[in-house]
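**Student:** Coordinates in start.txt, compact mmCIF, C-alpha atoms, are listed below.
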# COMPACT_ATOMS: atom_id res chain seq x y z
CA MET J 1 38.27 32.03 -73.40
CA TYR J 2 38.05 29.99 -76.56
CA ALA J 3 35.19 27.74 -77.60
CA VAL J 4 35.44 24.81 -80.01
CA ALA J 5 33.11 22.10 -81.27
CA LYS J 6 33.62 18.53 -80.07
CA VAL J 7 32.23 15.38 -81.72
CA ASP J 8 30.71 12.53 -79.75
CA THR J 9 31.85 9.69 -82.01
CA GLU J 10 29.29 7.28 -80.55
CA LYS J 11 26.36 9.46 -81.61
CA CYS J 12 27.78 10.60 -84.99
CA THR J 13 26.17 8.85 -87.96
CA GLY J 14 28.12 10.59 -90.72
CA CYS J 15 25.23 12.52 -92.30
CA LYS J 16 27.63 15.40 -93.14
CA LEU J 17 25.08 18.14 -92.29
CA CYS J 18 27.68 19.81 -90.03
CA ILE J 19 30.13 19.98 -92.93
CA LEU J 20 27.57 21.83 -95.08
CA THR J 21 26.79 24.36 -92.33
CA CYS J 22 30.32 25.25 -91.17
CA PRO J 23 31.38 28.71 -92.41
CA ASP J 24 35.10 27.99 -92.01
CA PRO J 25 36.99 25.89 -94.53
CA ASN J 26 38.87 22.70 -93.66
CA VAL J 27 37.46 22.43 -90.12
CA PHE J 28 35.58 19.16 -90.61
CA THR J 29 37.06 16.03 -92.12
CA PHE J 30 34.86 13.11 -93.13
CA TYR J 31 36.28 9.60 -92.74
CA LYS J 32 34.58 7.33 -95.26
CA GLU J 33 35.77 4.04 -93.70
CA VAL J 34 34.14 4.67 -90.30
CA LYS J 35 31.45 7.15 -91.56
CA LYS J 36 32.27 9.76 -88.93
CA VAL J 37 33.46 13.37 -88.88
CA ALA J 38 36.38 14.90 -86.97
CA VAL J 39 36.96 18.55 -85.99
CA ASN J 40 40.22 20.41 -86.46
CA GLU J 41 40.15 22.35 -83.18
CA ASN J 42 42.87 24.77 -84.26
CA ARG J 43 40.59 26.17 -86.96
CA CYS J 44 37.20 26.03 -85.21
CA LYS J 45 35.84 29.44 -84.14
CA GLY J 46 33.12 27.97 -81.95
CA CYS J 47 30.07 29.62 -83.57
CA GLY J 48 27.89 26.55 -82.88
CA LEU J 49 26.18 26.31 -86.29
CA CYS J 50 27.16 22.65 -86.60
CA ALA J 51 25.75 21.87 -83.14
CA ALA J 52 22.48 23.63 -84.08
CA ALA J 53 22.22 21.62 -87.31
CA CYS J 54 23.17 18.15 -85.97
CA PRO J 55 20.04 15.93 -85.87
CA LYS J 56 21.67 13.40 -83.48
CA GLU J 57 23.03 15.98 -80.99
CA ALA J 58 26.48 14.54 -81.50
CA LEU J 59 28.18 17.94 -81.54
CA ALA J 60 28.62 20.35 -78.65
CA VAL J 61 30.48 23.64 -78.29
CA VAL J 62 32.72 23.57 -75.22
CA SER J 63 35.23 26.07 -73.83
CA VAL J 64 38.87 25.08 -73.77
CA MET H 1 46.00 28.75 -112.92
CA SER H 2 47.06 25.38 -114.20
CA THR H 3 47.79 22.35 -112.08
CA LYS H 4 51.28 22.37 -113.57
CA ILE H 5 51.93 25.72 -111.92
CA ILE H 6 50.86 24.73 -108.42
CA THR H 7 52.72 21.40 -108.43
CA PRO H 8 56.08 22.02 -106.73
CA VAL H 9 59.45 20.86 -108.06
CA ARG H 10 60.32 17.53 -106.41
CA GLU H 11 63.52 18.86 -104.77
CA PHE H 12 61.63 21.66 -102.99
CA ALA H 13 58.46 19.75 -102.12
CA ASP H 14 59.37 19.09 -98.48
CA LEU H 15 60.22 22.76 -97.86
CA LEU H 16 56.65 23.91 -98.53
CA PRO H 17 54.13 24.32 -95.70
CA GLN H 18 51.86 21.38 -94.91
CA GLU H 19 48.75 23.33 -96.02
CA TYR H 20 50.22 23.83 -99.50
CA GLN H 21 51.28 20.19 -99.82
CA ASP H 22 47.72 19.13 -98.86
CA LEU H 23 46.33 21.45 -101.54
CA VAL H 24 48.50 19.83 -104.22
CA ALA H 25 47.89 16.27 -103.02
CA ARG H 26 44.17 16.46 -102.15
CA GLY H 27 42.93 19.66 -103.84
CA PRO H 28 39.79 19.77 -106.01
CA TYR H 29 41.67 20.55 -109.25
CA PHE H 30 42.29 17.08 -110.57
CA GLU H 31 38.80 15.58 -110.60
CA PRO H 32 35.33 17.17 -110.47
CA LYS H 33 34.26 17.86 -106.88
CA GLY H 34 30.95 19.21 -105.65
CA ILE H 35 29.24 20.25 -102.45
CA GLU H 36 28.46 16.61 -101.64
CA ASP H 37 32.19 15.82 -101.46
CA LEU H 38 33.00 18.57 -98.93
CA GLY H 39 35.06 17.23 -96.05
CA THR H 40 36.85 14.67 -98.19
CA PHE H 41 39.14 17.06 -100.04
CA LYS H 42 41.29 20.05 -99.13
CA GLU H 43 39.21 23.17 -99.75
CA ILE H 44 40.59 26.00 -101.84
CA ILE H 45 39.82 28.70 -99.27
CA GLU H 46 42.28 29.18 -96.45
CA GLU H 47 41.70 30.41 -92.91
CA HIS H 48 40.02 33.82 -93.00
CA PRO H 49 39.23 36.60 -90.50
CA HIS H 50 35.41 36.45 -90.83
CA CYS H 51 33.44 36.53 -87.56
CA ALA H 52 32.25 33.26 -86.02
CA GLY H 53 28.98 32.16 -87.61
CA CYS H 54 29.36 34.50 -90.60
CA GLY H 55 26.86 33.83 -93.38
CA VAL H 56 29.05 35.51 -96.00
CA SER H 57 31.94 33.14 -95.38
CA LEU H 58 29.56 30.17 -95.56
CA GLY H 59 28.24 31.49 -98.89
CA ILE H 60 31.76 31.96 -100.26
CA ARG H 61 32.78 28.49 -99.09
CA LEU H 62 29.78 26.88 -100.81
CA VAL H 63 30.41 28.83 -104.03
CA ALA H 64 34.11 27.91 -104.06
CA ALA H 65 33.28 24.24 -103.50
CA SER H 66 30.87 24.13 -106.42
CA LEU H 67 33.01 25.79 -109.13
CA PRO H 68 32.89 23.41 -112.12
CA SER H 69 36.57 23.90 -112.99
CA PRO H 70 38.49 25.83 -110.32
CA ALA H 71 41.75 25.56 -112.25
CA ASP H 72 40.26 27.67 -115.10
CA THR H 73 38.39 30.23 -112.99
CA VAL H 74 39.15 33.84 -112.18
CA ILE H 75 37.27 35.34 -109.24
CA ILE H 76 36.78 39.12 -109.17
CA GLY H 77 36.13 40.79 -105.82
CA THR H 78 35.67 44.26 -104.46
CA PRO H 79 36.23 45.73 -100.97
CA GLY H 80 33.75 44.64 -98.34
CA CYS H 81 33.30 41.65 -96.06
CA SER H 82 33.38 39.26 -99.01
CA PHE H 83 37.02 39.83 -99.94
CA PHE H 84 38.40 38.79 -96.55
CA GLY H 85 37.67 35.19 -97.49
CA LEU H 86 38.41 35.54 -101.18
CA THR H 87 42.00 36.76 -100.87
CA GLN H 88 42.72 33.44 -99.16
CA THR H 89 41.51 31.29 -102.07
CA ALA H 90 43.83 29.11 -104.11
CA VAL H 91 42.26 30.23 -107.40
CA ASN H 92 43.17 33.27 -109.45
CA TYR H 93 41.71 36.31 -107.74
CA SER H 94 41.63 39.96 -108.68
CA ASN H 95 40.57 42.79 -106.41
CA THR H 96 39.13 45.97 -107.91
CA ALA H 97 38.23 49.49 -106.84
CA PHE H 98 34.86 49.54 -105.06
CA GLY H 99 32.06 48.93 -107.55
CA ASN H 100 34.23 48.34 -110.64
CA GLN H 101 34.03 44.55 -110.46
CA ASN H 102 31.79 43.94 -113.49
CA ALA H 103 33.75 46.32 -115.73
CA VAL H 104 37.00 44.58 -114.79
CA ALA H 105 35.36 41.18 -115.31
CA SER H 106 34.11 42.20 -118.79
CA GLY H 107 37.62 43.19 -119.84
CA LEU H 108 39.19 40.05 -118.40
CA LYS H 109 36.62 37.82 -120.09
CA ARG H 110 37.21 39.42 -123.50
CA MET H 111 40.98 39.17 -123.06
CA LEU H 112 40.81 35.51 -121.97
CA ARG H 113 38.66 34.70 -125.04
CA ILE H 114 41.35 36.10 -127.32
CA ARG H 115 44.22 34.48 -125.43
CA TYR H 116 42.57 31.02 -125.08
CA PRO H 117 40.17 30.72 -128.04
CA ASP H 118 39.69 26.94 -127.66
CA GLN H 119 39.37 26.75 -123.87
CA HIS H 120 36.66 27.82 -121.42
CA LYS H 121 37.91 30.34 -118.86
CA ASP H 122 35.23 31.24 -116.32
CA VAL H 123 35.12 34.77 -114.91
CA VAL H 124 33.09 34.90 -111.69
CA VAL H 125 32.23 38.12 -109.89
CA LEU H 126 31.72 37.32 -106.19
CA VAL H 127 30.97 40.46 -104.19
CA GLY H 128 28.68 41.76 -101.49
CA ASP H 129 25.50 43.80 -101.70
CA GLY H 130 27.35 47.13 -101.44
CA GLY H 131 29.47 46.38 -104.51
CA ILE H 132 26.55 45.33 -106.71
CA ALA H 133 23.46 47.16 -105.49
CA ASP H 134 24.86 50.47 -104.25
CA ILE H 135 28.16 51.65 -105.64
CA GLY H 136 28.57 49.29 -108.58
CA LEU H 137 24.94 49.20 -109.75
CA ASP H 138 25.57 51.11 -113.00
CA LEU H 139 28.56 49.00 -114.05
CA THR H 140 26.77 45.77 -113.11
CA LEU H 141 23.63 46.69 -115.09
CA HIS H 142 25.69 47.82 -118.09
CA SER H 143 27.63 44.56 -118.17
CA TRP H 144 24.26 42.76 -118.36
CA PHE H 145 22.96 45.14 -121.06
CA ARG H 146 26.11 44.39 -123.13
CA ARG H 147 25.50 40.63 -122.61
CA GLU H 148 29.00 40.04 -121.24
CA LYS H 149 29.43 36.33 -120.54
CA VAL H 150 30.23 36.76 -116.86
CA THR H 151 28.68 35.13 -113.77
CA THR H 152 27.73 37.67 -111.11
CA ILE H 153 27.18 36.33 -107.58
CA MET H 154 25.96 38.58 -104.78
CA VAL H 155 26.44 37.50 -101.16
CA ASP H 156 23.70 39.66 -99.66
CA ASN H 157 24.19 40.30 -95.93
CA GLU H 158 21.89 43.37 -96.00
CA VAL H 159 24.44 45.64 -94.29
CA TYR H 160 27.90 47.18 -94.69
CA GLY H 161 29.53 44.75 -92.26
CA ASN H 162 33.21 45.60 -92.17
CA THR H 163 32.75 49.34 -91.63
CA GLY H 164 30.52 49.01 -88.59
CA GLY H 165 26.95 48.49 -89.80
CA GLN H 166 25.73 51.22 -92.14
CA GLU H 167 22.48 50.60 -94.00
CA SER H 168 22.88 49.34 -97.53
CA GLY H 169 20.45 49.49 -100.44
CA MET H 170 19.69 45.83 -99.83
CA SER H 171 18.78 46.27 -96.13
CA LYS H 172 15.18 45.47 -95.23
CA GLN H 173 12.79 48.38 -94.79
CA GLY H 174 12.61 49.31 -91.10
CA GLN H 175 15.84 47.46 -90.21
CA VAL H 176 17.58 49.17 -87.26
CA LEU H 177 21.36 49.08 -87.53
CA ASN H 178 24.33 50.52 -85.63
CA MET H 179 24.44 53.55 -87.93
CA ALA H 180 20.75 53.63 -88.90
CA PRO H 181 19.12 54.18 -85.49
CA VAL H 182 15.63 55.08 -86.77
CA GLY H 183 15.49 52.19 -89.20
CA LYS H 184 15.83 52.10 -92.96
CA GLN H 185 13.32 54.35 -94.75
CA PHE H 186 12.93 52.68 -98.15
CA PRO H 187 12.53 49.07 -99.39
CA LYS H 188 15.19 46.68 -100.70
CA ILE H 189 16.55 47.41 -104.18
CA PRO H 190 14.99 44.76 -106.49
CA VAL H 191 18.27 43.67 -108.14
CA PHE H 192 16.90 40.18 -108.86
CA GLU H 193 13.95 41.63 -110.78
CA MET H 194 16.33 43.98 -112.62
CA ALA H 195 18.50 41.02 -113.64
CA LYS H 196 15.51 39.34 -115.26
CA VAL H 197 14.73 42.32 -117.49
CA SER H 198 18.33 43.41 -118.15
CA GLY H 199 19.41 40.45 -120.26
CA CYS H 200 20.52 37.77 -117.80
CA ALA H 201 20.04 34.29 -119.25
CA TYR H 202 19.88 32.63 -115.84
CA ALA H 203 19.12 34.15 -112.44
CA VAL H 204 18.58 32.49 -109.06
CA ARG H 205 17.64 33.83 -105.64
CA VAL H 206 18.60 31.44 -102.84
CA THR H 207 19.72 31.42 -99.19
CA VAL H 208 22.65 29.69 -97.46
CA ALA H 209 20.15 27.51 -95.60
CA SER H 210 19.84 25.34 -98.75
CA PRO H 211 23.45 24.48 -99.67
CA ARG H 212 22.57 21.97 -102.38
CA LYS H 213 20.46 24.56 -104.21
CA VAL H 214 23.40 27.00 -103.99
CA GLY H 215 25.71 24.38 -105.48
CA ARG H 216 23.37 23.58 -108.35
CA ALA H 217 22.73 27.26 -109.08
CA VAL H 218 26.45 28.14 -109.17
CA ARG H 219 27.26 25.23 -111.46
CA ASN H 220 24.38 26.03 -113.88
CA ALA H 221 25.17 29.76 -113.86
CA ILE H 222 28.82 29.23 -114.77
CA LEU H 223 27.97 26.73 -117.52
CA VAL H 224 25.34 29.07 -119.01
CA ALA H 225 27.79 32.01 -118.85
CA ARG H 226 30.27 30.05 -120.98
CA GLU H 227 28.01 30.02 -124.04
CA ILE H 228 24.75 31.94 -123.67
CA GLY H 229 25.06 35.19 -121.73
CA PRO H 230 25.29 36.88 -118.33
CA THR H 231 24.02 35.07 -115.25
CA TYR H 232 23.17 36.27 -111.76
CA ILE H 233 22.87 34.57 -108.37
CA GLN H 234 21.73 36.29 -105.19
CA ILE H 235 22.56 34.42 -101.99
CA TYR H 236 21.13 35.57 -98.65
CA THR H 237 23.93 35.42 -96.07
CA PRO H 238 22.78 36.92 -92.74
CA CYS H 239 25.31 38.76 -90.56
CA PRO H 240 25.17 37.86 -86.82
CA THR H 241 27.47 40.70 -85.77
CA ASN H 242 25.47 43.60 -87.23
CA LEU H 243 21.95 42.17 -87.34
CA LYS H 244 22.45 41.26 -83.64
CA PHE H 245 21.58 37.61 -83.26
CA PRO H 246 23.64 34.75 -81.74
CA PRO H 247 26.11 33.19 -84.24
CA ASN H 248 24.55 29.73 -84.00
CA ARG H 249 21.23 31.09 -85.38
CA THR H 250 22.55 32.16 -88.80
CA LEU H 251 20.88 29.30 -90.64
CA GLU H 252 17.63 29.67 -88.69
CA VAL H 253 17.47 33.36 -89.69
CA ALA H 254 18.15 32.41 -93.31
CA ARG H 255 15.45 29.74 -93.19
CA GLU H 256 12.90 32.21 -91.77
CA ALA H 257 13.77 34.69 -94.54
CA GLU H 258 13.33 31.91 -97.11
CA LYS H 259 9.78 31.40 -95.90
CA ASP H 260 9.09 35.12 -95.89
CA TYR H 261 10.62 37.46 -98.47
CA TYR H 262 13.62 35.52 -99.77
CA ALA H 263 11.84 32.54 -101.36
CA TYR H 264 13.82 30.38 -103.79
CA GLU H 265 13.26 31.63 -107.31
CA GLU H 266 14.83 30.55 -110.57
CA PHE H 267 14.65 32.42 -113.86
CA ILE H 268 15.94 30.77 -117.00
CA THR H 269 15.55 31.69 -120.65
CA GLU H 270 14.49 29.05 -123.16
CA GLU H 271 17.88 29.16 -124.91
CA ALA H 272 19.74 28.55 -121.63
CA ALA H 273 17.38 25.72 -120.65
CA ASN H 274 17.97 24.00 -123.99
CA TYR H 275 21.73 24.45 -123.60
CA LEU H 276 21.73 22.93 -120.09
CA ALA H 277 19.60 20.02 -121.29
CA ARG H 278 22.08 19.31 -124.09
CA LEU H 279 25.10 19.05 -121.72
Rewrite the coordinates I just gave you, this time as structure tokens.
**Tutor:**
Amino acid sequence: MYAVAKVDTEKCTGCKLCILTCPDPNVFTFYKEVKKVAVNENRCKGCGLCAAACPKEALAVVSV
Amino acid sequence: MSTKIITPVREFADLLPQEYQDLVARGPYFEPKGIEDLGTFKEIIEEHPHCAGCGVSLGIRLVAASLPSPADTVIIGTPGCSFFGLTQTAVNYSNTAFGNQNAVASGLKRMLRIRYPDQHKDVVVLVGDGGIADIGLDLTLHSWFRREKVTTIMVDNEVYGNTGGQESGMSKQGQVLNMAPVGKQFPKIPVFEMAKVSGCAYAVRVTVASPRKVGRAVRNAILVAREIGPTYIQIYTPCPTNLKFPPNRTLEVAREAEKDYYAYEEFITEEAANYLARL
């Protein structure tokens, strides 16, 4: 079973806290135009640090 | 490394993997990037085999993102958890025998000064607590006594992680580990206090729970090491696998330690402070 983080784009405000807490490089991408983050699911290890840090609860770790 | 070297010949550009093309097109070499810009550029570390929620890999990622000039940096590593991430960096990297990192760095720094007299080449030692506090303590201290202009960064996970959880000199007193079932019998080695009295011009103790402080410390330390003298940074990077807590609590554990025994502390000599103010 694999677990990855998913972003709820409606709740995401683009504060970038998740980017600063992720231990793996190049997982999160920040899109300046829409002020939202996206997850590269192929690289995510599903530790859940981003979900623990998100103040808006826009991130959740789900199994795929 | 120079950006000329990593830029591929036009005829072969489409043969290279996508990751490499991204690194050339959106890498941090061409303009100054800091921790605040993370997520908008291709990072210089590649996928690594660290455990999920690893504090060490977060520490290494933050350090790599805040290098002032990655194209002119050499990173020196030593066996341990830290080098799993470092061998995947797109900066010059040299691995050494366990504990020799500061001796190798001293030699490289002297050689680079002769080879490039009018350019700054940063030599950064980025190793774990075993390499600095246990096996390499003598070579580390002697490089500070000799005032070698090298930045030493310790990612302190308080355990020998990749060999199954033996106690290290930096483990907390009383810490029970896989291979220390009755708990550690003596306190942490005060490497930070040693750095202050051994000739370091700039020393910082910080945890991964404050990424912006890590970024500022790394930048200052490398700039001070260019002109003034040796610098030292100690980053607390808790290990969920061997300290037995869920991987999503790494930052919480670091934050609790920051309130307790790992408080942020900065030591700077007057000369280094004047130099930083002049920049």
**Student:** What's the separation between CA of Gln234 (chain H) and CA of Arg205 (chain H), in Å to one decimal place?
**Tutor:**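 Atom-to-atom, CA of Gln234 (chain H) and CA of Arg205 (chain H) are spaced 4.8 Å apart.
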**Student:** Pick the closest to Gln175 (chain H) from H:Arg147, H:Thr40, H:Lys244, H:Ala272: which is it, counting all atoms listed in the file?
**Tutor:**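 The answer is H:Lys244, which sits nearest to Gln175 (chain H).
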**Student:** Compute the set of chain H residues within 10 Å of chain J, using only C-alpha atoms, and express it as JSON, numbers by chain.
**Tutor:** {"H": [35, 36, 37, 38, 39, 40, 41, 42, 43, 44, 45, 46, 47, 48, 49, 50, 51, 52, 53, 54, 55, 56, 57, 58, 59, 60, 61, 62, 65, 85, 208, 209, 210, 211, 212, 246, 247, 248, 249, 250, 251, 252]}
**Student:** Write the residues of the preceding selection, restricted to C-alpha atoms, as a PDB file, in the frame of the given file.
**Tutor:**
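Output (part_39.pdb):
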ATOM      1  CA  ILE H  35      29.240  20.250-102.450  1.00  0.00           C
ATOM      2  CA  GLU H  36      28.460  16.610-101.640  1.00  0.00           C
ATOM      3  CA  ASP H  37      32.190  15.820-101.460  1.00  0.00           C
ATOM      4  CA  LEU H  38      33.000  18.570 -98.930  1.00  0.00           C
ATOM      5  CA  GLY H  39      35.060  17.230 -96.050  1.00  0.00           C
ATOM      6  CA  THR H  40      36.850  14.670 -98.190  1.00  0.00           C
ATOM      7  CA  PHE H  41      39.140  17.060-100.040  1.00  0.00           C
ATOM      8  CA  LYS H  42      41.290  20.050 -99.130  1.00  0.00           C
ATOM      9  CA  GLU H  43      39.210  23.170 -99.750  1.00  0.00           C
ATOM     10  CA  ILE H  44      40.590  26.000-101.840  1.00  0.00           C
ATOM     11  CA  ILE H  45      39.820  28.700 -99.270  1.00  0.00           C
ATOM     12  CA  GLU H  46      42.280  29.180 -96.450  1.00  0.00           C
ATOM     13  CA  GLU H  47      41.700  30.410 -92.910  1.00  0.00           C
ATOM     14  CA  HIS H  48      40.020  33.820 -93.000  1.00  0.00           C
ATOM     15  CA  PRO H  49      39.230  36.600 -90.500  1.00  0.00           C
ATOM     16  CA  HIS H  50      35.410  36.450 -90.830  1.00  0.00           C
ATOM     17  CA  CYS H  51      33.440  36.530 -87.560  1.00  0.00           C
ATOM     18  CA  ALA H  52      32.250  33.260 -86.020  1.00  0.00           C
ATOM     19  CA  GLY H  53      28.980  32.160 -87.610  1.00  0.00           C
ATOM     20  CA  CYS H  54      29.360  34.500 -90.600  1.00  0.00           C
ATOM     21  CA  GLY H  55      26.860  33.830 -93.380  1.00  0.00           C
ATOM     22  CA  VAL H  56      29.050  35.510 -96.000  1.00  0.00           C
ATOM     23  CA  SER H  57      31.940  33.140 -95.380  1.00  0.00           C
ATOM     24  CA  LEU H  58      29.560  30.170 -95.560  1.00  0.00           C
ATOM     25  CA  GLY H  59      28.240  31.490 -98.890  1.00  0.00           C
ATOM     26  CA  ILE H  60      31.760  31.960-100.260  1.00  0.00           C
ATOM     27  CA  ARG H  61      32.780  28.490 -99.090  1.00  0.00           C
ATOM     28  CA  LEU H  62      29.780  26.880-100.810  1.00  0.00           C
ATOM     29  CA  ALA H  65      33.280  24.240-103.500  1.00  0.00           C
ATOM     30  CA  GLY H  85      37.670  35.190 -97.490  1.00  0.00           C
ATOM     31  CA  VAL H 208      22.650  29.690 -97.460  1.00  0.00           C
ATOM     32  CA  ALA H 209      20.150  27.510 -95.600  1.00  0.00           C
ATOM     33  CA  SER H 210      19.840  25.340 -98.750  1.00  0.00           C
ATOM     34  CA  PRO H 211      23.450  24.480 -99.670  1.00  0.00           C
ATOM     35  CA  ARG H 212      22.570  21.970-102.380  1.00  0.00           C
ATOM     36  CA  PRO H 246      23.640  34.750 -81.740  1.00  0.00           C
ATOM     37  CA  PRO H 247      26.110  33.190 -84.240  1.00  0.00           C
ATOM     38  CA  ASN H 248      24.550  29.730 -84.000  1.00  0.00           C
ATOM     39  CA  ARG H 249      21.230  31.090 -85.380  1.00  0.00           C
ATOM     40  CA  THR H 250      22.550  32.160 -88.800  1.00  0.00           C
ATOM     41  CA  LEU H 251      20.880  29.300 -90.640  1.00  0.00           C
ATOM     42  CA  GLU H 252      17.630  29.670 -88.690  1.00  0.00           C
TER      43      GLU H 252
END
**Student:** In Å, how far is it from CA of Ser82 (chain H) to CA of Thr151 (chain H)?
**Tutor:** 16.0 Å
**Student:** What separation in Å, quoted to one decimal, exists between CA of Tyr202 (chain H) and CA of Thr269 (chain H)?
**Tutor:**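 That distance, rounded to one decimal, is 6.5 Å.
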**Student:** What's around Ser69 (chain H) at 10 Å? Count all atoms listed in the file, leave out sequence neighbours fewer than 5 positions away in its own chain, and write the answer as a PyMOL selection string.
**Tutor:** chain H and resi 28-33+120-122+219+222
**Student:** Counting only C-alpha atoms, what is within 8 Å of Val150 (chain H), bar same-chain residues fewer than 4 positions away, as a ChimeraX atom specification?
**Tutor:** /H:105-106,109,122-125,222,225-226,229-231
**Student:** Quick one: residues within 8 Å of Cys12 (chain J), all atoms listed in the file, excluding same-chain residues fewer than 5 positions away - as a PyMOL selection string?
**Tutor:** chain J and resi 7+36-37+56+58
**Student:** Around (23.3, 11.2, -82.5) in the file's own coordinates, what residues are found within 10 Å if you use all atoms listed in the file, given back as a tab-separated table (two decimals) with C-alpha atoms, in the frame of the given file?
**Tutor:**
chain	number	residue	atom	x	y	z
J	7	VAL	CA	32.23	15.38	-81.72
J	8	ASP	CA	30.71	12.53	-79.75
J	9	THR	CA	31.85	9.69	-82.01
J	10	GLU	CA	29.29	7.28	-80.55
J	11	LYS	CA	26.36	9.46	-81.61
J	12	CYS	CA	27.78	10.60	-84.99
J	13	THR	CA	26.17	8.85	-87.96
J	14	GLY	CA	28.12	10.59	-90.72
J	54	CYS	CA	23.17	18.15	-85.97
J	55	PRO	CA	20.04	15.93	-85.87
J	56	LYS	CA	21.67	13.40	-83.48
J	57	GLU	CA	23.03	15.98	-80.99
J	58	ALA	CA	26.48	14.54	-81.50
J	59	LEU	CA	28.18	17.94	-81.54
